[in-house]
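A.B. asks: Please find one structure pasted underneath; my questions will follow.
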Amino acid sequence: MKKSITKAGMAALLTTVMLGTTLTGCGAAAETTDATTLENDKTPAAAQADGATEEAGAQEFTYPMDTDVTVTYWCDLNNNVAANYANLGDTPFGKGLMEHTGIQIDFQHPPTGQGEEQFNLMLADGDLPDLLEYHWMNYTGGPEKAITDGYIYELSDIIDQYCPNLKAYLEANPDIDRMVKTDEGHYYMFPFIRGDEQLRVTLGLMVRQDWLDDLGLEVPTTMDEWHEVLTQFKEKKGAEAPFSYEYTMGSLTDDNPFCYAFDACRNFYLGSDGQVHYGAVEDGYRQYLETMHQWYEEGLIDPDIATQQFDQVSAKMTNGTSGASIGWAGSRMGVWTTAAIATDPNYALSPAPVPTLNKGDKANMGQIDNAVPNQGGVAITRSCKNVEAAARLLDWAYSEEGHMFYNFGIEGESYTLVDGEPVYTDQILSNPDGLPVAQAMSAYIRGNYNGPFVQDIRYLRQYYTYDGQKASNAVWSDNDGKSHKLPPITPTSDESDQFSAIMNEISTYRDEMTIKYILGTEDLSTFDTYVSTINQMGLDRALEIENAALKRYNER
């Protein structure tokens, strides 16, 4: 049966769904919603309450669409999906999306680890799918250049004509609106939006709590305490790689809390002076490298750090080879705990804060996403033969029905309503096939990773089932990282080629030298030469471009 969806109807549900002010949490860290978020992230219903009265003239659109259109949709296949399915279209989520919208979807996935390469090959030969899910801020020259290069549509008119749900949300949330368009005012993607500030801090350090208890140690909060903990893990727990993580995954290396301990990072950040700075040439970065090299020499850091992937880290974190890592509370802490307690019921992981150099200090930097992070955004390509169908498909995710589906799945199967609130069933939380919660969720929803929709805080409050997960948000957010987070700024088309050329060279050199310094194949006595080389590559010009982009962003 087709369902009519009006803007007013969408707005009414989004008032409760996005704000979540009457929800009960499953842990102390997730029980309250930031007041600033509530003020800034007005829902469509809130905007209408301020004076907009459109219900009488609202244009109705019904789903599922009566069409035989097939849309091609290219995206990476999330690891938790790939563990059980070869294609997103084979999942209950993929099948349900097609059923609800009436549009057939041919999902196309690059081989694991080859997403960037496949994306560039598609652009080179011009054989594009209808929809491209990509981290568009990484496009060479930025998203505006992807438009001017003729690969993707500028979406303003398309959103006006076919996307009442997304349009209503953006009109009601001006801070989000300026994050999803270019300096020229052009919309370029259907965005992934974190609908609550608590959803923006999801990554940090984790440590074997059962080992700490056995050794009479507390969760480390300083670099000296971490050194002591890792040393005891090695000497008394037989850990061959006390600290291990996927160094090769950029998002983990970008947000390395050990780097933050020295008020440093490896990329651009917002300084206390309101200007953009580049952390990888500062003295704090040298101190970080010096410490990491010392720990590596002492056998406290995984000897395979330079090359290992998720499966290898997972094995080490669950078989006693490693006792600490960096990762997400869901897809790392939760997955590893579920796997390990099958053979070791005492296994437990706890979150650890961004460490400091002095006991009692609060870290100046830390991980936090923008409300619109650089992931999960979907553009309509110029190859698309039915733009309306593609736009209607994507816009459904921002409707009341689509929002519930993307975050909770199929009512009666993956969730039920209890006193009007969605509660995951045992199909998710106690999967009969023994799947970890992250994998069971990923079969039915996209709420536990990303995609073109608004993420709901109520998913997170049920996703985190272990004590360590429930405490993670409060622990990992106890720093001043928010004040140093750059908004999603972009260079102009004229600046983009120059910026990309400069930063491609700098980033390649930085990454080569960083791992050499950690492994000791390059002596840190050459750090000044390293900095000088980066400066000669054009860092000053890159910073000039970034600061100009920040100024334009602030003026949007």
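Naming works like this for the structure tokens: A, B, ... for the chains as they're shown, residue 1 at the start of each chain, ligands 1 onward in shown order.
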Excluding same-chain residues fewer than 3 positions from A:Glu240, what lies within 12 Å of it counting only C-alpha atoms, as a list in words?

C.D. replies: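 Final neighbour list, sorted by chain and number: Leu230, Thr231, Gln232, Phe233, Lys234, Glu235, Lys236, Lys237, Phe243, Ser244, Tyr296, Glu298, Gly299, Leu300, Ile301, Asp302, Pro303, Asp304, Lys316, Met317, Asn319, Gly320, Thr321, Ser322, Gly323 and Ala324 of chain A.
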
A.B. asks: Quick one: everything within 6 Å of stretch 486-501 of chain A, counting only C-alpha atoms, minus sequence neighbours fewer than 3 positions away in the same chain. Send it as a PyMOL selection string.

C.D. replies: chain A and resi 141-142+145+269-270+504+542+549-550

A.B. asks: Go ahead and write the selection's residues with N, CA and C atoms as a PDB file, in the first residue's frame.

C.D. replies:
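Everything below was put into out07.pdb:
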ATOM      1  N   GLY A 141      40.507  19.054  -5.665  1.00  0.00           N
ATOM      2  CA  GLY A 141      39.921  20.350  -5.970  1.00  0.00           C
ATOM      3  C   GLY A 141      38.638  20.619  -5.231  1.00  0.00           C
ATOM      4  N   GLY A 142      38.122  19.603  -4.507  1.00  0.00           N
ATOM      5  CA  GLY A 142      36.914  19.796  -3.737  1.00  0.00           C
ATOM      6  C   GLY A 142      35.659  19.546  -4.549  1.00  0.00           C
ATOM      7  N   LYS A 145      34.734  21.516  -7.740  1.00  0.00           N
ATOM      8  CA  LYS A 145      35.446  21.118  -8.948  1.00  0.00           C
ATOM      9  C   LYS A 145      34.830  19.861  -9.556  1.00  0.00           C
ATOM     10  N   TYR A 269      44.422  21.982  11.557  1.00  0.00           N
ATOM     11  CA  TYR A 269      43.509  22.145  12.684  1.00  0.00           C
ATOM     12  C   TYR A 269      43.289  23.635  12.939  1.00  0.00           C
ATOM     13  N   LEU A 270      42.269  23.935  13.707  1.00  0.00           N
ATOM     14  CA  LEU A 270      41.943  25.319  14.038  1.00  0.00           C
ATOM     15  C   LEU A 270      42.680  25.712  15.306  1.00  0.00           C
ATOM     16  N   ASN A 504      49.363  16.862  -1.897  1.00  0.00           N
ATOM     17  CA  ASN A 504      49.686  15.482  -2.288  1.00  0.00           C
ATOM     18  C   ASN A 504      51.156  15.199  -2.044  1.00  0.00           C
ATOM     19  N   ALA A 542      49.693  26.578   1.037  1.00  0.00           N
ATOM     20  CA  ALA A 542      48.571  25.721   1.420  1.00  0.00           C
ATOM     21  C   ALA A 542      47.819  26.321   2.610  1.00  0.00           C
ATOM     22  N   ALA A 549      39.819  29.814   2.689  1.00  0.00           N
ATOM     23  CA  ALA A 549      38.623  28.966   2.640  1.00  0.00           C
ATOM     24  C   ALA A 549      37.843  29.053   3.949  1.00  0.00           C
ATOM     25  N   LEU A 550      38.542  29.106   5.067  1.00  0.00           N
ATOM     26  CA  LEU A 550      37.879  29.242   6.361  1.00  0.00           C
ATOM     27  C   LEU A 550      37.126  30.570   6.440  1.00  0.00           C
TER      28      LEU A 550
END

A.B. asks: Can you pull out the residues contacting stretch 505-507 of chain A? Cut-off 9 Å, using only C-alpha atoms, and skip same-chain residues under 5 positions away; I want them as a ChimeraX atom specification.

C.D. replies: /A:267,500,512,533-535,537-539

A.B. asks: Residues of stretch 175-331 of chain A in strand (DSSP E) according to DSSP, as a PyMOL selection string?

C.D. replies: chain A and resi 193-194+203-208+268-270+276-278+324-328

A.B. asks: Residues of the last selection are to be written out with C-alpha atoms, as a PDB file, in the first residue's frame.

C.D. replies:
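Wrote part16.pdb, looks like this:
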ATOM      1  CA  ILE A 193      24.296  14.011   9.177  1.00  0.00           C
ATOM      2  CA  ARG A 194      25.039  13.188  12.789  1.00  0.00           C
ATOM      3  CA  LEU A 203      36.608   6.876  18.597  1.00  0.00           C
ATOM      4  CA  GLY A 204      39.441   6.626  21.100  1.00  0.00           C
ATOM      5  CA  LEU A 205      41.843   4.510  23.116  1.00  0.00           C
ATOM      6  CA  MET A 206      40.715   1.235  24.672  1.00  0.00           C
ATOM      7  CA  VAL A 207      42.525  -1.042  27.068  1.00  0.00           C
ATOM      8  CA  ARG A 208      42.066  -4.541  28.559  1.00  0.00           C
ATOM      9  CA  PHE A 268      45.300  20.932   9.566  1.00  0.00           C
ATOM     10  CA  TYR A 269      43.509  22.145  12.684  1.00  0.00           C
ATOM     11  CA  LEU A 270      41.943  25.319  14.038  1.00  0.00           C
ATOM     12  CA  VAL A 276      44.380  27.198  10.352  1.00  0.00           C
ATOM     13  CA  HIS A 277      47.615  25.473  11.401  1.00  0.00           C
ATOM     14  CA  TYR A 278      49.409  22.340  10.180  1.00  0.00           C
ATOM     15  CA  ALA A 324      45.330  -1.845  23.928  1.00  0.00           C
ATOM     16  CA  SER A 325      44.240  -0.228  20.692  1.00  0.00           C
ATOM     17  CA  ILE A 326      42.541   2.733  19.013  1.00  0.00           C
ATOM     18  CA  GLY A 327      39.143   2.337  17.449  1.00  0.00           C
ATOM     19  CA  TRP A 328      35.407   2.809  17.528  1.00  0.00           C
TER      20      TRP A 328
END

A.B. asks: Smallest atom-to-atom distance to A:Glu413: which of A:Ile147, A:Asp426, A:Met122, A:His293, using only C-alpha atoms?

C.D. replies: A:Asp426

A.B. asks: Which residue, A:Cys265, A:Leu289, A:Cys163, A:Val454, has the smallest gap to A:Ile176 when you use only C-alpha atoms?

C.D. replies: A:Val454

A.B. asks: Can you list, as a VMD selection string, every protein, DNA or RNA residue that comes within 8 Å of A:Leu524 when you count only C-alpha atoms, leaving out same-chain residues fewer than 3 positions away?

C.D. replies: chain A and resid 286 290 517 527

A.B. asks: So how far away is atom CA of A:Gly409 from atom CA of A:Asn450, in Å?

C.D. replies: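 Answer for the atom CA of A:Asn450 to atom CA of A:Gly409 separation: 14.1 Å.
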
A.B. asks: Wanna dump the stretch 270-333 of chain A-stretch 464-478 of chain A contacts at 8 Å for me, each residue with its shortest atom pair and the distance in Å to one decimal, counting only C-alpha atoms, ordered by chain and number, as JSON lines?

C.D. replies:
{"residue": "A:Ala329", "atom": "CA", "partner": "A:Gln469", "partner_atom": "CA", "distance": 5.4}
{"residue": "A:Gly330", "atom": "CA", "partner": "A:Tyr464", "partner_atom": "CA", "distance": 6.7}
{"residue": "A:Met333", "atom": "CA", "partner": "A:Gln469", "partner_atom": "CA", "distance": 7.0}

A.B. asks: Keeping only C-alpha atoms, write those residues as an mmCIF file, in the first residue's frame.

C.D. replies:
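part.cif was written with the following content:
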data_model
loop_
_atom_site.group_PDB
_atom_site.id
_atom_site.type_symbol
_atom_site.label_atom_id
_atom_site.label_comp_id
_atom_site.auth_asym_id
_atom_site.auth_seq_id
_atom_site.Cartn_x
_atom_site.Cartn_y
_atom_site.Cartn_z
ATOM 1 C CA ALA A 329 33.227 1.760 20.444
ATOM 2 C CA GLY A 330 30.966 -0.254 18.169
ATOM 3 C CA MET A 333 35.314 -2.485 21.192
#

A.B. asks: Do you know which residues are at most 12 Å from A:Thr291 counting only C-alpha atoms, after dropping those on the same chain fewer than 6 positions away, and could you put them as a PyMOL selection string?

C.D. replies: chain A and resi 223-224+226-227+258-259+261-262+284-285+297-298+300-301+357+517-520+524

A.B. asks: Write the selection just made, keeping N, CA and C atoms, as a PDB file, in the first residue's frame?

C.D. replies:
ATOM      1  N   MET A 223      50.857   9.956  29.720  1.00  0.00           N
ATOM      2  CA  MET A 223      51.778   9.194  28.879  1.00  0.00           C
ATOM      3  C   MET A 223      52.678   8.300  29.731  1.00  0.00           C
ATOM      4  N   ASP A 224      53.089   8.782  30.892  1.00  0.00           N
ATOM      5  CA  ASP A 224      53.910   7.944  31.773  1.00  0.00           C
ATOM      6  C   ASP A 224      53.128   6.723  32.259  1.00  0.00           C
ATOM      7  N   TRP A 226      50.654   5.287  30.662  1.00  0.00           N
ATOM      8  CA  TRP A 226      50.539   4.381  29.526  1.00  0.00           C
ATOM      9  C   TRP A 226      51.814   3.567  29.339  1.00  0.00           C
ATOM     10  N   HIS A 227      52.949   4.205  29.520  1.00  0.00           N
ATOM     11  CA  HIS A 227      54.221   3.478  29.384  1.00  0.00           C
ATOM     12  C   HIS A 227      54.296   2.349  30.409  1.00  0.00           C
ATOM     13  N   PHE A 258      47.546   9.546  21.270  1.00  0.00           N
ATOM     14  CA  PHE A 258      48.912   9.746  21.753  1.00  0.00           C
ATOM     15  C   PHE A 258      49.537  10.979  21.114  1.00  0.00           C
ATOM     16  N   CYS A 259      49.150  11.270  19.888  1.00  0.00           N
ATOM     17  CA  CYS A 259      49.606  12.492  19.238  1.00  0.00           C
ATOM     18  C   CYS A 259      48.962  13.711  19.886  1.00  0.00           C
ATOM     19  N   ALA A 261      48.170  14.050  22.832  1.00  0.00           N
ATOM     20  CA  ALA A 261      48.751  14.285  24.156  1.00  0.00           C
ATOM     21  C   ALA A 261      49.794  15.391  24.127  1.00  0.00           C
ATOM     22  N   PHE A 262      50.410  15.592  22.976  1.00  0.00           N
ATOM     23  CA  PHE A 262      51.453  16.611  22.833  1.00  0.00           C
ATOM     24  C   PHE A 262      50.918  17.877  22.154  1.00  0.00           C
ATOM     25  N   GLY A 284      55.356  19.699  18.888  1.00  0.00           N
ATOM     26  CA  GLY A 284      54.600  18.641  19.544  1.00  0.00           C
ATOM     27  C   GLY A 284      54.592  17.361  18.731  1.00  0.00           C
ATOM     28  N   TYR A 285      54.594  17.491  17.397  1.00  0.00           N
ATOM     29  CA  TYR A 285      54.628  16.307  16.546  1.00  0.00           C
ATOM     30  C   TYR A 285      55.969  15.595  16.672  1.00  0.00           C
ATOM     31  N   GLU A 297      60.910   0.742  20.113  1.00  0.00           N
ATOM     32  CA  GLU A 297      62.195   0.110  20.447  1.00  0.00           C
ATOM     33  C   GLU A 297      62.067  -0.789  21.668  1.00  0.00           C
ATOM     34  N   GLU A 298      61.193  -0.441  22.592  1.00  0.00           N
ATOM     35  CA  GLU A 298      61.010  -1.216  23.819  1.00  0.00           C
ATOM     36  C   GLU A 298      60.041  -2.385  23.625  1.00  0.00           C
ATOM     37  N   LEU A 300      56.808  -2.125  22.882  1.00  0.00           N
ATOM     38  CA  LEU A 300      55.476  -1.817  23.396  1.00  0.00           C
ATOM     39  C   LEU A 300      54.464  -1.579  22.280  1.00  0.00           C
ATOM     40  N   ILE A 301      54.954  -1.303  21.080  1.00  0.00           N
ATOM     41  CA  ILE A 301      54.105  -1.085  19.911  1.00  0.00           C
ATOM     42  C   ILE A 301      54.256  -2.263  18.968  1.00  0.00           C
ATOM     43  N   LEU A 357      50.382  15.000  29.531  1.00  0.00           N
ATOM     44  CA  LEU A 357      51.744  14.849  30.046  1.00  0.00           C
ATOM     45  C   LEU A 357      51.774  14.970  31.563  1.00  0.00           C
ATOM     46  N   TYR A 517      60.422   7.530  11.174  1.00  0.00           N
ATOM     47  CA  TYR A 517      60.814   8.013  12.494  1.00  0.00           C
ATOM     48  C   TYR A 517      60.341   7.051  13.590  1.00  0.00           C
ATOM     49  N   ILE A 518      59.129   6.525  13.453  1.00  0.00           N
ATOM     50  CA  ILE A 518      58.614   5.601  14.472  1.00  0.00           C
ATOM     51  C   ILE A 518      59.409   4.301  14.482  1.00  0.00           C
ATOM     52  N   LEU A 519      59.689   3.772  13.309  1.00  0.00           N
ATOM     53  CA  LEU A 519      60.430   2.509  13.225  1.00  0.00           C
ATOM     54  C   LEU A 519      61.921   2.674  13.471  1.00  0.00           C
ATOM     55  N   GLY A 520      62.414   3.912  13.368  1.00  0.00           N
ATOM     56  CA  GLY A 520      63.832   4.153  13.605  1.00  0.00           C
ATOM     57  C   GLY A 520      64.705   4.018  12.385  1.00  0.00           C
ATOM     58  N   LEU A 524      65.624  10.946  14.324  1.00  0.00           N
ATOM     59  CA  LEU A 524      64.870  12.167  14.566  1.00  0.00           C
ATOM     60  C   LEU A 524      65.729  13.425  14.595  1.00  0.00           C
TER      61      LEU A 524
END

A.B. asks: Here is a test: counting only C-alpha atoms, which residue of A:Asp395, A:Asp175, A:Glu421, A:Glu388 is nearest to A:Thr67?

C.D. replies: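 Of A:Asp395, A:Asp175, A:Glu421, A:Glu388, the one nearest A:Thr67 is A:Glu388, counting only C-alpha atoms.
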
A.B. asks: Report the distance between atom CA of A:Lys362 and atom CA of A:Val281 in Å, rounded to one decimal place.

C.D. replies: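 So the two atoms, atom CA of A:Lys362 and atom CA of A:Val281, lie 23.2 Å apart.
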
A.B. asks: Residues near A:Gly366, anyone? I mean within 8 Å using only C-alpha atoms, not counting same-chain ones fewer than 6 positions away, as a ChimeraX atom specification.

C.D. replies: /A:255,257,260,354,476-477,479-482

A.B. asks: For atom CA of A:Gln114 and atom CA of A:Glu154, determine how far apart the two atoms are, in Å to one decimal place.

C.D. replies: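 If I compute the distance from atom CA of A:Gln114 to atom CA of A:Glu154, I get 27.0 Å.
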